[in-house]
>>> print(open('query_37.pdb').read())   # PDB, C-alpha atoms
ATOM      1  CA  GLY A   1       1.991 -18.186  -4.266  1.00  0.00           C
ATOM      2  CA  ASP A   2      -0.151 -15.481  -2.734  1.00  0.00           C
ATOM      3  CA  SER A   3      -1.945 -13.115  -5.069  1.00  0.00           C
ATOM      4  CA  VAL A   4      -4.677 -10.491  -5.258  1.00  0.00           C
ATOM      5  CA  THR A   5      -6.680  -9.969  -8.447  1.00  0.00           C
ATOM      6  CA  GLN A   6      -8.870  -6.932  -8.971  1.00  0.00           C
ATOM      7  CA  MET A   7     -11.173  -6.062 -11.803  1.00  0.00           C
ATOM      8  CA  GLU A   8      -9.482  -3.847 -14.344  1.00  0.00           C
ATOM      9  CA  GLY A   9     -10.471  -0.255 -14.640  1.00  0.00           C
ATOM     10  CA  PRO A  10     -11.250   2.363 -15.247  1.00  0.00           C
ATOM     11  CA  VAL A  11     -14.777   2.123 -13.962  1.00  0.00           C
ATOM     12  CA  THR A  12     -16.965   5.068 -14.943  1.00  0.00           C
ATOM     13  CA  LEU A  13     -20.280   5.649 -13.168  1.00  0.00           C
ATOM     14  CA  SER A  14     -22.837   8.381 -12.851  1.00  0.00           C
ATOM     15  CA  GLU A  15     -23.460   9.923  -9.465  1.00  0.00           C
ATOM     16  CA  GLU A  16     -25.790   7.827  -7.269  1.00  0.00           C
ATOM     17  CA  ALA A  17     -25.055   4.637  -9.213  1.00  0.00           C
ATOM     18  CA  PHE A  18     -24.258   1.337  -7.479  1.00  0.00           C
ATOM     19  CA  LEU A  19     -20.592   0.375  -7.296  1.00  0.00           C
ATOM     20  CA  THR A  20     -18.987  -3.049  -7.244  1.00  0.00           C
ATOM     21  CA  ILE A  21     -15.260  -3.614  -7.557  1.00  0.00           C
ATOM     22  CA  ASN A  22     -14.356  -7.288  -7.584  1.00  0.00           C
ATOM     23  CA  CYS A  23     -11.401  -8.676  -5.665  1.00  0.00           C
ATOM     24  CA  THR A  24     -10.304 -12.296  -5.344  1.00  0.00           C
ATOM     25  CA  TYR A  25      -7.262 -13.669  -3.566  1.00  0.00           C
ATOM     26  CA  THR A  26      -5.104 -16.720  -3.029  1.00  0.00           C
ATOM     27  CA  ALA A  27      -3.158 -17.044   0.182  1.00  0.00           C
ATOM     28  CA  THR A  28      -1.672 -19.416   2.687  1.00  0.00           C
ATOM     29  CA  GLY A  29      -3.613 -19.636   5.902  1.00  0.00           C
ATOM     30  CA  TYR A  30      -6.084 -16.956   6.959  1.00  0.00           C
ATOM     31  CA  PRO A  31      -5.040 -13.510   5.831  1.00  0.00           C
ATOM     32  CA  SER A  32      -6.529 -10.194   6.832  1.00  0.00           C
ATOM     33  CA  LEU A  33      -8.111  -8.373   3.895  1.00  0.00           C
ATOM     34  CA  PHE A  34      -8.145  -4.648   3.240  1.00  0.00           C
ATOM     35  CA  TRP A  35      -9.433  -2.016   0.886  1.00  0.00           C
ATOM     36  CA  TYR A  36      -7.360   1.134   0.536  1.00  0.00           C
ATOM     37  CA  VAL A  37      -8.195   4.280  -1.440  1.00  0.00           C
ATOM     38  CA  GLN A  38      -5.683   6.582  -3.097  1.00  0.00           C
ATOM     39  CA  TYR A  39      -6.548  10.115  -4.200  1.00  0.00           C
ATOM     40  CA  PRO A  40      -4.309  11.899  -6.723  1.00  0.00           C
ATOM     41  CA  GLY A  41      -0.939  12.829  -5.294  1.00  0.00           C
ATOM     42  CA  GLU A  42      -1.642  11.209  -1.949  1.00  0.00           C
ATOM     43  CA  GLY A  43      -0.775   8.039  -0.084  1.00  0.00           C
ATOM     44  CA  LEU A  44      -3.033   5.077   0.467  1.00  0.00           C
ATOM     45  CA  GLN A  45      -5.744   5.503   3.068  1.00  0.00           C
ATOM     46  CA  LEU A  46      -7.414   2.599   4.788  1.00  0.00           C
ATOM     47  CA  LEU A  47     -11.031   2.352   3.697  1.00  0.00           C
ATOM     48  CA  LEU A  48     -12.093  -0.839   5.476  1.00  0.00           C
ATOM     49  CA  LYS A  49     -10.834  -4.212   6.576  1.00  0.00           C
ATOM     50  CA  ALA A  50     -11.893  -7.695   7.669  1.00  0.00           C
ATOM     51  CA  THR A  51      -9.819 -10.152   9.636  1.00  0.00           C
ATOM     52  CA  LYS A  52     -11.731 -13.430   9.414  1.00  0.00           C
ATOM     53  CA  ALA A  53     -14.237 -15.299   7.312  1.00  0.00           C
ATOM     54  CA  ASP A  54     -17.737 -13.773   7.097  1.00  0.00           C
ATOM     55  CA  ASP A  55     -16.589 -10.495   8.657  1.00  0.00           C
ATOM     56  CA  LYS A  56     -18.007  -7.419   6.976  1.00  0.00           C
ATOM     57  CA  GLY A  57     -15.921  -4.280   6.870  1.00  0.00           C
ATOM     58  CA  SER A  58     -17.703  -0.980   6.352  1.00  0.00           C
ATOM     59  CA  ASN A  59     -16.853   2.708   6.224  1.00  0.00           C
ATOM     60  CA  LYS A  60     -18.300   5.827   4.558  1.00  0.00           C
ATOM     61  CA  GLY A  61     -21.021   3.785   2.851  1.00  0.00           C
ATOM     62  CA  PHE A  62     -18.579   1.233   1.446  1.00  0.00           C
ATOM     63  CA  GLU A  63     -18.835  -2.421   2.419  1.00  0.00           C
ATOM     64  CA  ALA A  64     -16.968  -5.660   1.752  1.00  0.00           C
ATOM     65  CA  THR A  65     -17.486  -9.160   3.128  1.00  0.00           C
ATOM     66  CA  TYR A  66     -14.695 -11.685   3.640  1.00  0.00           C
ATOM     67  CA  ARG A  67     -15.867 -14.765   1.704  1.00  0.00           C
ATOM     68  CA  LYS A  68     -13.530 -17.674   2.316  1.00  0.00           C
ATOM     69  CA  GLU A  69     -15.546 -20.124   0.217  1.00  0.00           C
ATOM     70  CA  THR A  70     -15.125 -17.944  -2.868  1.00  0.00           C
ATOM     71  CA  THR A  71     -11.840 -16.315  -1.746  1.00  0.00           C
ATOM     72  CA  SER A  72     -13.339 -12.917  -2.464  1.00  0.00           C
ATOM     73  CA  PHE A  73     -13.595  -9.487  -0.869  1.00  0.00           C
ATOM     74  CA  HIS A  74     -15.676  -7.409  -3.265  1.00  0.00           C
ATOM     75  CA  LEU A  75     -16.131  -3.705  -2.554  1.00  0.00           C
ATOM     76  CA  GLU A  76     -19.639  -2.232  -2.829  1.00  0.00           C
ATOM     77  CA  LYS A  77     -21.332   1.103  -2.341  1.00  0.00           C
ATOM     78  CA  GLY A  78     -24.989   1.767  -2.900  1.00  0.00           C
ATOM     79  CA  SER A  79     -24.745   5.332  -4.182  1.00  0.00           C
ATOM     80  CA  VAL A  80     -21.458   6.813  -5.333  1.00  0.00           C
ATOM     81  CA  GLN A  81     -20.546  10.485  -5.275  1.00  0.00           C
ATOM     82  CA  VAL A  82     -18.185  12.522  -7.413  1.00  0.00           C
ATOM     83  CA  SER A  83     -15.871  12.717  -4.404  1.00  0.00           C
ATOM     84  CA  ASP A  84     -15.458   8.916  -4.506  1.00  0.00           C
ATOM     85  CA  SER A  85     -13.396   9.243  -7.688  1.00  0.00           C
ATOM     86  CA  ALA A  86     -10.043   7.664  -6.815  1.00  0.00           C
ATOM     87  CA  VAL A  87      -8.010   4.476  -7.183  1.00  0.00           C
ATOM     88  CA  TYR A  88      -9.055   1.558  -4.993  1.00  0.00           C
ATOM     89  CA  PHE A  89      -6.647  -1.170  -3.910  1.00  0.00           C
ATOM     90  CA  CYS A  90      -7.509  -4.557  -2.493  1.00  0.00           C
ATOM     91  CA  ALA A  91      -4.809  -6.056  -0.281  1.00  0.00           C
ATOM     92  CA  LEU A  92      -4.048  -9.034   1.888  1.00  0.00           C
ATOM     93  CA  ILE A  93      -1.688  -9.364   4.803  1.00  0.00           C
ATOM     94  CA  ARG A  94      -0.870 -12.722   6.272  1.00  0.00           C
ATOM     95  CA  ASN A  95       1.655 -13.994   8.760  1.00  0.00           C
ATOM     96  CA  THR A  96       1.126 -17.727   8.448  1.00  0.00           C
ATOM     97  CA  GLY A  97       4.191 -19.499   7.153  1.00  0.00           C
ATOM     98  CA  GLY A  98       5.956 -16.180   6.850  1.00  0.00           C
ATOM     99  CA  PHE A  99       4.868 -12.590   6.473  1.00  0.00           C
ATOM    100  CA  LYS A 100       3.367 -11.423   3.183  1.00  0.00           C
ATOM    101  CA  THR A 101       1.636  -8.240   2.125  1.00  0.00           C
ATOM    102  CA  ILE A 102       0.179  -8.245  -1.380  1.00  0.00           C
ATOM    103  CA  PHE A 103      -1.663  -5.408  -3.120  1.00  0.00           C
ATOM    104  CA  GLY A 104      -3.867  -5.691  -6.165  1.00  0.00           C
ATOM    105  CA  ALA A 105      -3.139  -3.584  -9.238  1.00  0.00           C
ATOM    106  CA  GLY A 106      -5.743  -0.990  -8.290  1.00  0.00           C
ATOM    107  CA  THR A 107      -9.025   0.002  -9.928  1.00  0.00           C
ATOM    108  CA  ARG A 108      -9.552   3.568 -11.001  1.00  0.00           C
ATOM    109  CA  LEU A 109     -13.079   4.901 -10.443  1.00  0.00           C
ATOM    110  CA  PHE A 110     -14.486   7.956 -12.190  1.00  0.00           C
ATOM    111  CA  VAL A 111     -17.833   9.296 -11.012  1.00  0.00           C
ATOM    112  CA  LYS A 112     -19.613  11.793 -13.267  1.00  0.00           C
ATOM    113  CA  ALA A 113     -21.982  14.443 -11.954  1.00  0.00           C
TER     114      ALA A 113
ATOM    115  CA  ASP B   1      -2.601  13.039  15.496  1.00  0.00           C
ATOM    116  CA  ALA B   2       0.277  13.155  13.072  1.00  0.00           C
ATOM    117  CA  GLY B   3       0.339  10.398  10.512  1.00  0.00           C
ATOM    118  CA  VAL B   4       3.364   8.950   8.799  1.00  0.00           C
ATOM    119  CA  ILE B   5       5.641  11.747   7.638  1.00  0.00           C
ATOM    120  CA  GLN B   6       7.861  11.453   4.588  1.00  0.00           C
ATOM    121  CA  SER B   7      10.399  13.805   3.104  1.00  0.00           C
ATOM    122  CA  PRO B   8      11.053  15.073   0.604  1.00  0.00           C
ATOM    123  CA  ARG B   9       7.703  14.925  -1.183  1.00  0.00           C
ATOM    124  CA  HIS B  10       9.370  15.334  -4.563  1.00  0.00           C
ATOM    125  CA  GLU B  11      12.929  14.638  -5.642  1.00  0.00           C
ATOM    126  CA  VAL B  12      14.504  15.186  -9.028  1.00  0.00           C
ATOM    127  CA  THR B  13      18.061  14.016  -9.464  1.00  0.00           C
ATOM    128  CA  GLU B  14      20.483  12.954 -12.138  1.00  0.00           C
ATOM    129  CA  MET B  15      21.582   9.441 -12.852  1.00  0.00           C
ATOM    130  CA  GLY B  16      24.472   8.388 -10.635  1.00  0.00           C
ATOM    131  CA  GLN B  17      23.578  10.634  -7.737  1.00  0.00           C
ATOM    132  CA  GLU B  18      22.779   9.415  -4.240  1.00  0.00           C
ATOM    133  CA  VAL B  19      19.190   9.767  -3.090  1.00  0.00           C
ATOM    134  CA  THR B  20      18.005   9.561   0.508  1.00  0.00           C
ATOM    135  CA  LEU B  21      14.339   9.269   1.407  1.00  0.00           C
ATOM    136  CA  ARG B  22      13.176   9.809   4.963  1.00  0.00           C
ATOM    137  CA  CYS B  23      10.303   8.534   7.036  1.00  0.00           C
ATOM    138  CA  LYS B  24       8.918   9.200  10.490  1.00  0.00           C
ATOM    139  CA  PRO B  25       6.409   6.522  11.539  1.00  0.00           C
ATOM    140  CA  ILE B  26       3.366   7.066  13.709  1.00  0.00           C
ATOM    141  CA  SER B  27       4.405   7.390  17.325  1.00  0.00           C
ATOM    142  CA  GLY B  28       4.013   4.097  19.165  1.00  0.00           C
ATOM    143  CA  HIS B  29       4.093   1.944  16.056  1.00  0.00           C
ATOM    144  CA  ASN B  30       6.746  -0.758  16.126  1.00  0.00           C
ATOM    145  CA  SER B  31       6.788  -1.827  12.477  1.00  0.00           C
ATOM    146  CA  LEU B  32       7.823   0.126   9.415  1.00  0.00           C
ATOM    147  CA  PHE B  33       7.497  -0.765   5.754  1.00  0.00           C
ATOM    148  CA  TRP B  34       8.992   0.709   2.587  1.00  0.00           C
ATOM    149  CA  TYR B  35       7.072   0.289  -0.686  1.00  0.00           C
ATOM    150  CA  ARG B  36       7.653   1.318  -4.265  1.00  0.00           C
ATOM    151  CA  GLN B  37       4.798   2.140  -6.642  1.00  0.00           C
ATOM    152  CA  THR B  38       5.156   2.124 -10.425  1.00  0.00           C
ATOM    153  CA  MET B  39       2.682   1.858 -13.260  1.00  0.00           C
ATOM    154  CA  MET B  40       4.282  -1.337 -14.520  1.00  0.00           C
ATOM    155  CA  ARG B  41       4.695  -3.251 -11.258  1.00  0.00           C
ATOM    156  CA  GLY B  42       2.128  -1.659  -8.967  1.00  0.00           C
ATOM    157  CA  LEU B  43       2.850  -1.498  -5.242  1.00  0.00           C
ATOM    158  CA  GLU B  44       5.778  -3.634  -4.096  1.00  0.00           C
ATOM    159  CA  LEU B  45       7.094  -4.183  -0.586  1.00  0.00           C
ATOM    160  CA  LEU B  46      10.820  -3.472  -0.478  1.00  0.00           C
ATOM    161  CA  ILE B  47      11.730  -4.058   3.162  1.00  0.00           C
ATOM    162  CA  TYR B  48      10.173  -4.059   6.602  1.00  0.00           C
ATOM    163  CA  PHE B  49      11.406  -3.522  10.132  1.00  0.00           C
ATOM    164  CA  ASN B  50      10.111  -4.736  13.490  1.00  0.00           C
ATOM    165  CA  ASN B  51      11.364  -2.885  16.556  1.00  0.00           C
ATOM    166  CA  ASN B  52      13.972  -1.151  14.376  1.00  0.00           C
ATOM    167  CA  VAL B  53      15.403  -4.453  13.111  1.00  0.00           C
ATOM    168  CA  PRO B  54      15.221  -5.293   9.385  1.00  0.00           C
ATOM    169  CA  ILE B  55      13.257  -8.509   9.065  1.00  0.00           C
ATOM    170  CA  ASP B  56      12.880  -9.106   5.338  1.00  0.00           C
ATOM    171  CA  ASP B  57      14.667  -7.185   2.612  1.00  0.00           C
ATOM    172  CA  SER B  58      13.975  -9.670  -0.159  1.00  0.00           C
ATOM    173  CA  GLY B  59      12.019  -7.032  -2.048  1.00  0.00           C
ATOM    174  CA  MET B  60      14.967  -4.671  -2.344  1.00  0.00           C
ATOM    175  CA  PRO B  61      15.735  -4.681  -6.054  1.00  0.00           C
ATOM    176  CA  GLU B  62      19.504  -4.405  -5.986  1.00  0.00           C
ATOM    177  CA  ASP B  63      22.494  -3.675  -3.814  1.00  0.00           C
ATOM    178  CA  ARG B  64      22.140  -0.048  -4.823  1.00  0.00           C
ATOM    179  CA  PHE B  65      19.223   0.116  -2.390  1.00  0.00           C
ATOM    180  CA  SER B  66      19.714   0.178   1.366  1.00  0.00           C
ATOM    181  CA  ALA B  67      17.482   1.012   4.315  1.00  0.00           C
ATOM    182  CA  LYS B  68      18.154   1.798   7.945  1.00  0.00           C
ATOM    183  CA  MET B  69      16.132   2.437  11.042  1.00  0.00           C
ATOM    184  CA  PRO B  70      18.455   3.859  13.702  1.00  0.00           C
ATOM    185  CA  ASN B  71      15.618   4.460  16.169  1.00  0.00           C
ATOM    186  CA  ALA B  72      11.880   4.010  16.560  1.00  0.00           C
ATOM    187  CA  SER B  73      11.033   7.365  15.049  1.00  0.00           C
ATOM    188  CA  PHE B  74      13.168   7.510  11.927  1.00  0.00           C
ATOM    189  CA  SER B  75      14.046   5.462   8.868  1.00  0.00           C
ATOM    190  CA  THR B  76      15.875   6.116   5.625  1.00  0.00           C
ATOM    191  CA  LEU B  77      15.861   4.494   2.209  1.00  0.00           C
ATOM    192  CA  LYS B  78      18.977   5.220   0.189  1.00  0.00           C
ATOM    193  CA  ILE B  79      19.674   4.648  -3.482  1.00  0.00           C
ATOM    194  CA  GLN B  80      23.296   4.891  -4.554  1.00  0.00           C
ATOM    195  CA  PRO B  81      23.898   5.295  -7.426  1.00  0.00           C
ATOM    196  CA  SER B  82      20.464   6.169  -8.749  1.00  0.00           C
ATOM    197  CA  GLU B  83      19.280   5.124 -12.220  1.00  0.00           C
ATOM    198  CA  PRO B  84      16.345   6.302 -14.370  1.00  0.00           C
ATOM    199  CA  ARG B  85      14.510   3.013 -13.770  1.00  0.00           C
ATOM    200  CA  ASP B  86      14.363   3.900 -10.065  1.00  0.00           C
ATOM    201  CA  SER B  87      11.862   6.644 -10.900  1.00  0.00           C
ATOM    202  CA  ALA B  88       8.737   5.832  -8.893  1.00  0.00           C
ATOM    203  CA  VAL B  89       6.711   6.864  -5.870  1.00  0.00           C
ATOM    204  CA  TYR B  90       8.170   5.499  -2.645  1.00  0.00           C
ATOM    205  CA  PHE B  91       5.846   5.023   0.305  1.00  0.00           C
ATOM    206  CA  CYS B  92       6.589   4.442   3.925  1.00  0.00           C
ATOM    207  CA  ALA B  93       3.971   2.787   6.142  1.00  0.00           C
ATOM    208  CA  SER B  94       3.848   1.869   9.797  1.00  0.00           C
ATOM    209  CA  SER B  95       1.792  -0.413  11.988  1.00  0.00           C
ATOM    210  CA  SER B  96       1.426  -1.587  15.543  1.00  0.00           C
ATOM    211  CA  TRP B  97       2.612  -5.170  15.115  1.00  0.00           C
ATOM    212  CA  ALA B  98       0.900  -7.735  17.296  1.00  0.00           C
ATOM    213  CA  GLY B  99       0.286 -10.903  15.265  1.00  0.00           C
ATOM    214  CA  GLY B 100       1.526  -9.481  11.974  1.00  0.00           C
ATOM    215  CA  GLN B 101      -1.764  -8.881  10.158  1.00  0.00           C
ATOM    216  CA  GLU B 102      -2.500  -5.388  11.417  1.00  0.00           C
ATOM    217  CA  THR B 103      -3.445  -2.335   9.392  1.00  0.00           C
ATOM    218  CA  GLN B 104      -0.602  -0.454   7.769  1.00  0.00           C
ATOM    219  CA  TYR B 105      -0.851   3.340   7.695  1.00  0.00           C
ATOM    220  CA  PHE B 106       0.776   5.035   4.742  1.00  0.00           C
ATOM    221  CA  GLY B 107       2.617   8.296   4.361  1.00  0.00           C
ATOM    222  CA  PRO B 108       2.025  10.677   1.442  1.00  0.00           C
ATOM    223  CA  GLY B 109       4.942   9.272  -0.527  1.00  0.00           C
ATOM    224  CA  THR B 110       8.069  10.641  -2.172  1.00  0.00           C
ATOM    225  CA  ARG B 111       7.854  11.052  -5.937  1.00  0.00           C
ATOM    226  CA  LEU B 112      11.336  10.363  -7.326  1.00  0.00           C
ATOM    227  CA  LEU B 113      12.433  11.240 -10.830  1.00  0.00           C
ATOM    228  CA  VAL B 114      15.897  10.198 -11.956  1.00  0.00           C
ATOM    229  CA  LEU B 115      17.018  11.887 -15.160  1.00  0.00           C
TER     230      LEU B 115
END
>>> encode(input="query_37.pdb", output="structure tokens")
Amino acid sequence: GDSVTQMEGPVTLSEEAFLTINCTYTATGYPSLFWYVQYPGEGLQLLLKATKADDKGSNKGFEATYRKETTSFHLEKGSVQVSDSAVYFCALIRNTGGFKTIFGAGTRLFVKA
Amino acid sequence: DAGVIQSPRHEVTEMGQEVTLRCKPISGHNSLFWYRQTMMRGLELLIYFNNNVPIDDSGMPEDRFSAKMPNASFSTLKIQPSEPRDSAVYFCASSSWAGGQETQYFGPGTRLLVL
């Protein structure tokens, strides 16, 4: 069945460090892939998305590339800030052979000043 | 623009009581989703509607849970009777459904505690 696997957290980085959060998926057909961010006490906010193979989503310095050959959608940022501390969720949505929306378990990021 | 609105933001109730959660989707969106978030199970889709019609409720845990969408701007999720294991954060999300793989926009959630 469909699934999303994220690297376990928490991830602790110093300010200005490079960030990678790994995400791999299994799915029927060609899903759309998403990264959402959740700050304490809030809902999930869309960070970026990609809808087909080799697409790169980007927003606020974050990037992720839809890699069909490795079924991955890793999140990267070149220089993190304290304000990036949050929980990050990788997700897929597909509507081939039936509708499915699957979220990863989330990866908590702490950025130290 | 107003996002997805949920109420109440926090609910504390006693076991056996009825709980009703409310959601107003983004204006113009034609799909609405209810999710439950817990530490143990993460984020789970409970039910979704297209054009006010429930399409898939296979994620609803038990008959104690029910959801309605009487019009395009309002939906409810009801738990009756509530149990302590229902304690979770419940999110509503909406999207503008075209092919079914569109972005979902989330509300702030309702944090439910059943004592």
>>> residues_near_point(input="query_37.pdb", point="(0.9, -18.7, -3.3)", cutoff="7 Å", atoms="all atoms listed in the file", output="list in words")
Gly1, Asp2, Ser3, Thr26, Ala27 and Thr28 of chain A
>>> write_last_selection(input="query_37.pdb", atoms="C-alpha atoms", output="compact mmCIF listing (two decimals), in the frame of the given file")
# COMPACT_ATOMS: atom_id res chain seq x y z
CA GLY A 1 1.99 -18.19 -4.27
CA ASP A 2 -0.15 -15.48 -2.73
CA SER A 3 -1.94 -13.12 -5.07
CA THR A 26 -5.10 -16.72 -3.03
CA ALA A 27 -3.16 -17.04 0.18
CA THR A 28 -1.67 -19.42 2.69
>>> closest_residue(input="query_37.pdb", among="A:Val87, A:Leu46, A:Ile93, A:Lys56", to="Ala105 (chain A)", atoms="all atoms listed in the file")
A:Val87
>>> residues_around(input="query_37.pdb", residues="Glu8 (chain A)", least_positions_apart="6", cutoff="12 Å", atoms="only C-alpha atoms", output="NGL selection string")
:A and (20-23 or 87-89 or 104-109)
>>> resolve_selection(input="query_37.pdb", expression="the ChimeraX specification (/B :<10) & /A", output="number ranges by chain")
A: 30-34, 36, 38, 41-46, 48-49, 51, 89, 92-96, 98-106
>>> resolve_selection(input="query_37.pdb", expression="the PyMOL selection byres ((chain A and resi 83) around 12)", output="MDAnalysis selection string")
chainID A and resid 14:16 37:40 60 79:82 84:87 109:113
>>> decode(input="query_37.pdb", residues="region 78-86 of chain B", atoms="all heavy atoms", output="PDB file, in the first residue's frame")
ATOM      1  N   LYS B  78     -18.962  14.933  14.749  1.00  0.00           N
ATOM      2  CA  LYS B  78     -19.583  14.673  16.044  1.00  0.00           C
ATOM      3  C   LYS B  78     -19.087  13.351  16.602  1.00  0.00           C
ATOM      4  O   LYS B  78     -18.939  12.358  15.857  1.00  0.00           O
ATOM      5  CB  LYS B  78     -21.109  14.654  15.887  1.00  0.00           C
ATOM      6  CG  LYS B  78     -21.875  14.515  17.184  1.00  0.00           C
ATOM      7  CD  LYS B  78     -23.369  14.589  16.945  1.00  0.00           C
ATOM      8  CE  LYS B  78     -23.796  15.950  16.447  1.00  0.00           C
ATOM      9  NZ  LYS B  78     -25.281  16.079  16.350  1.00  0.00           N
ATOM     10  N   ILE B  79     -18.848  13.348  17.904  1.00  0.00           N
ATOM     11  CA  ILE B  79     -18.474  12.128  18.609  1.00  0.00           C
ATOM     12  C   ILE B  79     -19.506  11.912  19.715  1.00  0.00           C
ATOM     13  O   ILE B  79     -19.684  12.769  20.579  1.00  0.00           O
ATOM     14  CB  ILE B  79     -17.060  12.220  19.226  1.00  0.00           C
ATOM     15  CG1 ILE B  79     -16.040  12.677  18.183  1.00  0.00           C
ATOM     16  CG2 ILE B  79     -16.650  10.854  19.796  1.00  0.00           C
ATOM     17  CD1 ILE B  79     -14.659  12.969  18.760  1.00  0.00           C
ATOM     18  N   GLN B  80     -20.187  10.782  19.661  1.00  0.00           N
ATOM     19  CA  GLN B  80     -21.219  10.497  20.641  1.00  0.00           C
ATOM     20  C   GLN B  80     -21.372   8.997  20.851  1.00  0.00           C
ATOM     21  O   GLN B  80     -21.752   8.290  19.912  1.00  0.00           O
ATOM     22  CB  GLN B  80     -22.557  11.077  20.192  1.00  0.00           C
ATOM     23  CG  GLN B  80     -23.791  10.598  20.932  1.00  0.00           C
ATOM     24  CD  GLN B  80     -23.790  10.964  22.419  1.00  0.00           C
ATOM     25  OE1 GLN B  80     -23.074  11.873  22.831  1.00  0.00           O
ATOM     26  NE2 GLN B  80     -24.570  10.243  23.203  1.00  0.00           N
ATOM     27  N   PRO B  81     -21.073   8.462  22.039  1.00  0.00           N
ATOM     28  CA  PRO B  81     -20.495   9.156  23.181  1.00  0.00           C
ATOM     29  C   PRO B  81     -18.983   9.251  23.080  1.00  0.00           C
ATOM     30  O   PRO B  81     -18.346   8.401  22.447  1.00  0.00           O
ATOM     31  CB  PRO B  81     -20.888   8.239  24.343  1.00  0.00           C
ATOM     32  CG  PRO B  81     -20.884   6.866  23.724  1.00  0.00           C
ATOM     33  CD  PRO B  81     -21.356   7.050  22.308  1.00  0.00           C
ATOM     34  N   SER B  82     -18.408  10.240  23.691  1.00  0.00           N
ATOM     35  CA  SER B  82     -16.951  10.395  23.645  1.00  0.00           C
ATOM     36  C   SER B  82     -16.271   9.465  24.659  1.00  0.00           C
ATOM     37  O   SER B  82     -16.865   9.094  25.679  1.00  0.00           O
ATOM     38  CB  SER B  82     -16.559  11.847  23.911  1.00  0.00           C
ATOM     39  OG  SER B  82     -17.038  12.257  25.175  1.00  0.00           O
ATOM     40  N   GLU B  83     -15.027   9.093  24.343  1.00  0.00           N
ATOM     41  CA  GLU B  83     -14.218   8.244  25.207  1.00  0.00           C
ATOM     42  C   GLU B  83     -12.820   8.873  25.348  1.00  0.00           C
ATOM     43  O   GLU B  83     -12.389   9.620  24.459  1.00  0.00           O
ATOM     44  CB  GLU B  83     -14.091   6.840  24.614  1.00  0.00           C
ATOM     45  CG  GLU B  83     -15.420   6.105  24.516  1.00  0.00           C
ATOM     46  CD  GLU B  83     -15.270   4.680  23.992  1.00  0.00           C
ATOM     47  OE1 GLU B  83     -14.121   4.250  23.776  1.00  0.00           O
ATOM     48  OE2 GLU B  83     -16.306   4.002  23.819  1.00  0.00           O
ATOM     49  N   PRO B  84     -12.114   8.538  26.418  1.00  0.00           N
ATOM     50  CA  PRO B  84     -10.774   9.130  26.615  1.00  0.00           C
ATOM     51  C   PRO B  84      -9.838   8.900  25.430  1.00  0.00           C
ATOM     52  O   PRO B  84      -9.013   9.763  25.127  1.00  0.00           O
ATOM     53  CB  PRO B  84     -10.281   8.428  27.883  1.00  0.00           C
ATOM     54  CG  PRO B  84     -11.528   8.146  28.657  1.00  0.00           C
ATOM     55  CD  PRO B  84     -12.567   7.796  27.612  1.00  0.00           C
ATOM     56  N   ARG B  85      -9.963   7.763  24.752  1.00  0.00           N
ATOM     57  CA  ARG B  85      -9.066   7.489  23.625  1.00  0.00           C
ATOM     58  C   ARG B  85      -9.358   8.368  22.403  1.00  0.00           C
ATOM     59  O   ARG B  85      -8.605   8.325  21.432  1.00  0.00           O
ATOM     60  CB  ARG B  85      -9.149   6.026  23.217  1.00  0.00           C
ATOM     61  CG  ARG B  85     -10.518   5.555  22.783  1.00  0.00           C
ATOM     62  CD  ARG B  85     -10.541   4.032  22.698  1.00  0.00           C
ATOM     63  NE  ARG B  85     -11.885   3.509  22.605  1.00  0.00           N
ATOM     64  CZ  ARG B  85     -12.303   2.713  21.645  1.00  0.00           C
ATOM     65  NH1 ARG B  85     -11.474   2.340  20.698  1.00  0.00           N
ATOM     66  NH2 ARG B  85     -13.548   2.257  21.636  1.00  0.00           N
ATOM     67  N   ASP B  86     -10.420   9.146  22.460  1.00  0.00           N
ATOM     68  CA  ASP B  86     -10.711  10.105  21.392  1.00  0.00           C
ATOM     69  C   ASP B  86      -9.908  11.394  21.563  1.00  0.00           C
ATOM     70  O   ASP B  86      -9.941  12.263  20.673  1.00  0.00           O
ATOM     71  CB  ASP B  86     -12.201  10.447  21.371  1.00  0.00           C
ATOM     72  CG  ASP B  86     -13.070   9.220  21.168  1.00  0.00           C
ATOM     73  OD1 ASP B  86     -12.613   8.261  20.513  1.00  0.00           O
ATOM     74  OD2 ASP B  86     -14.215   9.226  21.673  1.00  0.00           O
TER      75      ASP B  86
END
